[in-house]
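Q: Structure in structure tokens, see below.
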Amino acid sequence: MNVDAQLMEHMMNPKNYGTLERSDAQGIGKNPENGEKVVIYLRVGTDEDQPYIDDIAFQAIGCTTTVVAGSMLTEEAKGLNFNGVRNLIEATMKLLERLPPEDAACSEMVALALGAAIDTYEKRLDDSDYPVITYKIVNSCVPKEENKDEEIK
Amino acid sequence: MKTVMIKTHEAWLEMLMAGFMSRTENKQVLFDFSDILFRHFTWLENELIELGESYSYDRDTIPVKVERLSDLLNNIIKRLNEIDLQLLSSPDKALDARIASDLHYMKEVLKDMKDEVITAFNTERKFPGLELTQEATDALTLFLFEETYKEYELIMIYNYLKAHSNDAYMNRIFQILIDESFFHLKSFGDMGAKMGILAVPRVVMKELYQVEDVVQFLKDGIDEELAAKEECKKLSEAVSKDSPELAKFFDFINHQENYHISLMTDALEHYTKDKNA
């Protein structure tokens, strides 16, 4: 990771890190390879029948890159309606192939947690006991060369 | 009691951060005070366990970015005053009196502490007396962020395990691991402050310290220590050209991980034996 001023700010002062005192939904993004995960907490508002993210927080079991990705993505998601959030997730997923594998896995985990949180919210409109949704990432944290070595062994 | 424990947790970290920021004789005093506050935290935790009250290590974000040390010391004094007030409603009067006595002394010392200009947040990322390449600087920056948090996380995990264990053998191991992690946390925090990138470690998620499977935790921990050794080795190689001194420090940390691996292996053996008996 190249460290620039913007990244430094997110590393030193991650935005929206923690939990919400009152949340309407949670979502989890998980890396099945190593157990790392991101949990997103949402407080949802309604504006002209369109739900939007009134407040958002996240926690992570993961590396600094995951925390930076969580800080950036939650900042961008705050205030967006659900259509906007889905566009943001789609745009993030499209960016992944341009990132190094370990960074892609971290960003994917955050994007999936965000998607899981809004999906959980929508499911709970019909069933208030609907469990928190977890999505698993497909990108690997381990660079391809290392994966290849493991396969050969 | 829960609130007092949370406030004490915050005061401990705030005092520790002040220790990292200081570049004068204040540093050791602040470190000693932070150690005392950590011990208060464990006393209060033990009290909650005895009372059968549930608790967590959740806490608020602690703002520490200041230009002068006195600004942070004033915030710490305010926090200590809050703790002092809340102790009044606590059930163990003897413990509260002991803690209050420490707090009163600390406040007096902090009030008279010589002020300092703080450079721990200037993000210059220059290690004093050292010219590192951009690549080595980036690697060192990421290492310090990862490991400062990791050491804090380990302190919280081992502390929780120790608080909930009556096994003297395991508790000896947990205590050594806590002490080792404190040394590393202080080393990395100091380096972060010198490079102008000091930050308070983030809150540790409950499921990390409320360990359900201790055997798996120890196995994973040994793997993580082995990975940390590799990181130290890489970093040592990255900085060796520019600073043999810094490279030696990372080699030292690398070899220190052998203690942790040995302790965790002993703990794993003891725990497995105990479970199978």
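Residues in the structure tokens are named by chain (A, B, ... in the order shown) and by number from 1 within that chain; ligands are numbered from 1 in the order shown.
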Near A:Val39, within 10 Å and counting only C-alpha atoms, which residues show up once chain neighbours fewer than 4 positions away are dropped, as a VMD selection string?

A: (chain A and resid 18 to 19 26 to 30 57 to 61 70 109 to 110 112 to 114 116 to 117 132 134) or (chain B and resid 205)

Q: Need to verify the contact set: stretch 165-182 of chain B, 9 Å, only C-alpha atoms, exclusion of same-chain residues closer than 5 positions in sequence. Can you return it as a list of chain:residue names?

A: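 Listing them by chain and then by number gives B:Lys150, B:Glu151, B:Tyr152, B:Leu154, B:Ile155, B:Met156, B:Ile157, B:Tyr158, B:Asn159, B:Tyr160, B:Ser187, B:Gln256, B:Tyr259, B:His260, B:Leu263, B:Met264, B:Asp266, B:Ala267, B:His270, B:Tyr271.
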
Q: What lies within 12 Å of B:Ile83 using only C-alpha atoms, ignoring chain neighbours under 5 positions off, as a PyMOL selection string?

A: chain B and resi 1-12+37+40-41+44+76-78+88-90+96+99-104+107

Q: Would you output that residue set with N, CA and C atoms, as a JSON list (two decimals), in the first residue's frame?

A:
```
[["chain", "number", "residue", "atom", "x", "y", "z"],
["B", 1, "MET", "N", -20.26, 0.93, 38.63],
["B", 1, "MET", "CA", -18.96, 0.26, 38.52],
["B", 1, "MET", "C", -18.51, 0.11, 37.07],
["B", 2, "LYS", "N", -19.49, -0.26, 36.21],
["B", 2, "LYS", "CA", -19.13, -0.46, 34.80],
["B", 2, "LYS", "C", -18.59, 0.84, 34.21],
["B", 3, "THR", "N", -19.30, 1.94, 34.52],
["B", 3, "THR", "CA", -18.87, 3.24, 34.00],
["B", 3, "THR", "C", -17.48, 3.58, 34.51],
["B", 4, "VAL", "N", -17.23, 3.32, 35.79],
["B", 4, "VAL", "CA", -15.90, 3.62, 36.34],
["B", 4, "VAL", "C", -14.84, 2.81, 35.61],
["B", 5, "MET", "N", -15.16, 1.55, 35.32],
["B", 5, "MET", "CA", -14.18, 0.72, 34.62],
["B", 5, "MET", "C", -13.92, 1.26, 33.21],
["B", 6, "ILE", "N", -14.97, 1.66, 32.51],
["B", 6, "ILE", "CA", -14.80, 2.20, 31.15],
["B", 6, "ILE", "C", -13.98, 3.48, 31.20],
["B", 7, "LYS", "N", -14.31, 4.37, 32.14],
["B", 7, "LYS", "CA", -13.59, 5.65, 32.25],
["B", 7, "LYS", "C", -12.11, 5.40, 32.61],
["B", 8, "THR", "N", -11.88, 4.37, 33.44],
["B", 8, "THR", "CA", -10.50, 4.06, 33.83],
["B", 8, "THR", "C", -9.73, 3.51, 32.63],
["B", 9, "HIS", "N", -10.40, 2.69, 31.82],
["B", 9, "HIS", "CA", -9.81, 2.18, 30.58],
["B", 9, "HIS", "C", -9.38, 3.36, 29.69],
["B", 10, "GLU", "N", -10.28, 4.32, 29.54],
["B", 10, "GLU", "CA", -10.00, 5.49, 28.70],
["B", 10, "GLU", "C", -8.85, 6.33, 29.29],
["B", 11, "ALA", "N", -8.87, 6.49, 30.62],
["B", 11, "ALA", "CA", -7.82, 7.30, 31.27],
["B", 11, "ALA", "C", -6.46, 6.61, 31.14],
["B", 12, "TRP", "N", -6.46, 5.28, 31.26],
["B", 12, "TRP", "CA", -5.21, 4.51, 31.10],
["B", 12, "TRP", "C", -4.61, 4.78, 29.71],
["B", 37, "LEU", "N", -2.97, 3.07, 36.32],
["B", 37, "LEU", "CA", -4.38, 3.10, 35.86],
["B", 37, "LEU", "C", -4.79, 1.75, 35.27],
["B", 40, "HIS", "N", -5.62, -0.33, 38.15],
["B", 40, "HIS", "CA", -6.96, 0.06, 38.65],
["B", 40, "HIS", "C", -8.04, -0.64, 37.81],
["B", 41, "PHE", "N", -7.82, -0.60, 36.51],
["B", 41, "PHE", "CA", -8.76, -1.21, 35.56],
["B", 41, "PHE", "C", -8.96, -2.70, 35.90],
["B", 44, "LEU", "N", -10.96, -3.11, 39.14],
["B", 44, "LEU", "CA", -12.39, -2.84, 38.92],
["B", 44, "LEU", "C", -13.05, -3.98, 38.16],
["B", 76, "ILE", "N", -6.95, 14.84, 30.85],
["B", 76, "ILE", "CA", -6.78, 13.66, 31.73],
["B", 76, "ILE", "C", -7.26, 14.01, 33.15],
["B", 77, "ILE", "N", -6.89, 15.20, 33.61],
["B", 77, "ILE", "CA", -7.32, 15.61, 34.96],
["B", 77, "ILE", "C", -8.85, 15.62, 35.04],
["B", 78, "LYS", "N", -9.50, 16.13, 33.98],
["B", 78, "LYS", "CA", -10.98, 16.14, 33.96],
["B", 78, "LYS", "C", -11.51, 14.71, 34.05],
["B", 88, "LEU", "N", -17.68, 7.32, 44.25],
["B", 88, "LEU", "CA", -18.49, 7.51, 45.46],
["B", 88, "LEU", "C", -19.67, 6.53, 45.52],
["B", 89, "SER", "N", -20.19, 6.17, 44.32],
["B", 89, "SER", "CA", -21.38, 5.30, 44.31],
["B", 89, "SER", "C", -21.01, 3.82, 44.22],
["B", 90, "SER", "N", -19.72, 3.52, 44.34],
["B", 90, "SER", "CA", -19.26, 2.15, 44.17],
["B", 90, "SER", "C", -19.32, 1.36, 45.49],
["B", 96, "ASP", "N", -12.15, 1.69, 46.54],
["B", 96, "ASP", "CA", -12.38, 3.04, 46.05],
["B", 96, "ASP", "C", -11.44, 4.04, 46.74],
["B", 99, "ILE", "N", -7.98, 3.68, 45.22],
["B", 99, "ILE", "CA", -7.91, 4.28, 43.87],
["B", 99, "ILE", "C", -7.96, 5.81, 43.98],
["B", 100, "ALA", "N", -8.87, 6.31, 44.79],
["B", 100, "ALA", "CA", -9.02, 7.77, 44.92],
["B", 100, "ALA", "C", -7.72, 8.41, 45.40],
["B", 101, "SER", "N", -7.03, 7.73, 46.31],
["B", 101, "SER", "CA", -5.76, 8.26, 46.82],
["B", 101, "SER", "C", -4.75, 8.41, 45.68],
["B", 102, "ASP", "N", -4.65, 7.38, 44.82],
["B", 102, "ASP", "CA", -3.75, 7.45, 43.66],
["B", 102, "ASP", "C", -4.14, 8.61, 42.74],
["B", 103, "LEU", "N", -5.45, 8.70, 42.48],
["B", 103, "LEU", "CA", -5.93, 9.74, 41.54],
["B", 103, "LEU", "C", -5.59, 11.14, 42.05],
["B", 104, "HIS", "N", -5.76, 11.36, 43.35],
["B", 104, "HIS", "CA", -5.46, 12.69, 43.91],
["B", 104, "HIS", "C", -4.00, 13.04, 43.71],
["B", 107, "LYS", "N", -3.24, 13.78, 39.96],
["B", 107, "LYS", "CA", -3.75, 15.09, 39.52],
["B", 107, "LYS", "C", -2.81, 16.20, 39.95]]
```

Q: May I have the residues of chain A within 8 Å of chain B, counting only C-alpha atoms, written as a list in words?

A: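 Filtering chain A at 8 Å from chain B with only C-alpha atoms gives Met1, Asn2, Val3, Met8, Met11, Met12, Asn13, Tyr17, Gly18, Gln59, Ala60, Ile61, Cys63 and Thr64 of chain A.
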
Q: How many Å separate atom CA of A:Asp119 from atom CA of A:His10?

A: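 It comes out at 26.7 Å.
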
Q: Please provide the set of residues having any atom within 12 Å of B:Leu73, restricted to only C-alpha atoms, with same-chain residues fewer than 4 positions apart removed, written as an NGL selection string.

A: :B and (11 or 14-19 or 21-22 or 26 or 30 or 64-69 or 77-80 or 106-116)

Q: When you draw a straight line from atom CA of B:Ala193 to atom CA of B:Ile62, how long is it in Å?

A: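 Interatomic distance, atom CA of B:Ala193 to atom CA of B:Ile62: 16.2 Å.
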